[in-house]
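*Asks:* Here it is, the structure, as structure tokens.
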Amino acid sequence: MSSARAAPDPDDPIGYFLEDLTYHGKTDRTRAAYERVLRRFEAFLDETEPNAATHRDCMSFVHSLRGDAADSTVATYAAYLHRFYGYMTEVGAFDDNPMTLVMEEMDETVDKDPARRDVSIPAMRSFVAGIRHPLHRALVVTLLKTGMRVGELCNLDLRDLAVSDPELDAAYALGGRPALSERPDSIFVTAEATVGEELNGEARTAANKRKRGTVIPVDDELRRTLKAWLAVRPDSPSPADPLFVGTAEGWGERLRPQAVRHVVERYAREEGWYRTGGGADENVTPHYFRHFFTTHLRDRTGDRGVVKYLRGDVADDVIDTYTHNWGDQVRETYEANVYRLVS
């Protein structure tokens with residue numbers, strides 16, 4: 001008998017997803033939790049099929065939970081729904097994920113939760129000062145200064161970085177992206193990286209979650225930090241020329257997200273900011289750096305649109321607005337307000 005999987009069944013996408021949870025080794029308890037939430041959502045939609053639900057349908061569902069459930073429960077339900085849509089989009093059953101915008105708004109609500117660890121800018125500056133390894137410091141400072149996801153960090157190639165530095169220009173072929181041609185001192189985060197698919201001559205092991213490519217400014221601190229890393233960066237066998245490569249295991253090979261998480265965990269433990277068994281409200285992780293970036297830059301600029309653009313979490317029309325006015329509105333706002341981390 002053939003063991004080939006059937007194509008996703010549009011008549012019961014929730015059942016298909018739940019079946020795949022089992023294949024991925026999830027426990028019966030986890031599967032039951034997902035089923036309870038997803039079937040509740042299905043009932044809420046009434047006659048609308050899940051694959052036809054809009055982000056407004058999803059927002060209405062989340063709103064319907066408030067008042068009857070704790071904030072943490074609402075966040076959990078939303079995360080389940082987000083994972084369901086994300087997975088069904090990846091396997092090609094659905095065209096897009098209507099929960100993306102909802103989760104961005106949810107993230108902003110959770111970011112203000114006083115239970116989350118609150119690290120001040122001076123404390124983070126002291127944390128960065130304790131990181132001496134050029135690669136480790138470059139990883140942490142890049143995450144903190146750009147707000148990008150750890151997978152997006154790992155997918156950066158040399159062509160995605162443009163800096164105004166004659167020494168680096170002589171040593172490396174930087175900034176080859178057309179999007180960087182008139183935007184010096186910047187990083188391009190692509191939306192095209194997909195797990196298992198080739199990009200710039202190399203199959204990727206992490207996906208970027210942006211709908212559109214984003215150009216993020218590189219200030220003087222990040223430029224100096226990246227230059228210190230590139231001064232000792234091993235050559236890579238990859239035709240893509242990854243920006244961040246291994247200096248121990250996997251010498252010269254593109255770093256994977258788990259390796260970056262281990263680096264951050266190491267220094268966070270030393271600082272007392274990470275505990276085995278601790279949750280997202282306690283432990284400092286690469287995702288926490290994205291929260292730190294969002295919170296502090298938004299508070300300093302008062303411009304939610306610019307911060308959302310930099311995070312890569314806005315719709316096409318908003319991205320187009322900021323892309324066309326990148327120099328004035330994005331770069332000037334960023335450079336005038338971004339926090340200092342490197343002494």
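Every chain in the structure tokens has a letter given in the order shown (A, B, ...), and although residue numbers restart at 1 in each chain, ligands are simply numbered from 1 in the order shown.
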Residues of segment 104-232 of chain A in helix (DSSP H, G or I) according to DSSP, as a PyMOL selection string?
*Replies:* chain A and resi 104-111+121-129+134-146+150-154+158-160+166-171+178-180+220-230
*Asks:* Hey, what's within 12 Å of Phe127 of chain A if we count only C-alpha atoms and toss same-chain stuff fewer than 6 positions away? As a list in words, please?
*Replies:*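 Returned residues: Val119, Ser120, Ile121, Arg137, Val140, Val141, Leu144, Val264, Arg266, Tyr267, Ala268, Arg269, Glu270, Glu271, Gly272, Trp273, Val284, Leu341, Val342 and Ser343 of chain A.
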*Asks:* Name the residues in contact with Leu101 of chain A at a cut-off of 12 Å, using only C-alpha atoms, excluding same-chain residues fewer than 2 positions from it; report them as a count of residues only.
*Replies:* 26
*Asks:* From the options A:Ala336, A:Met148, A:Ala193, A:Ala138, which residue's atoms come nearest to Asp219 of chain A, counting only C-alpha atoms?
*Replies:*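 Nearest to Asp219 of chain A: A:Ala336.
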*Asks:* Could you give me, as a list in words, the residues within 7 Å of Ile187 of chain A, counting only C-alpha atoms and dropping anything in the same chain fewer than 2 positions from it?
*Replies:*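 Counting only the stated atoms, we get Asp160, Leu161, Ala162, Val189, Val215, Ile216, Pro217 and Val218 of chain A.
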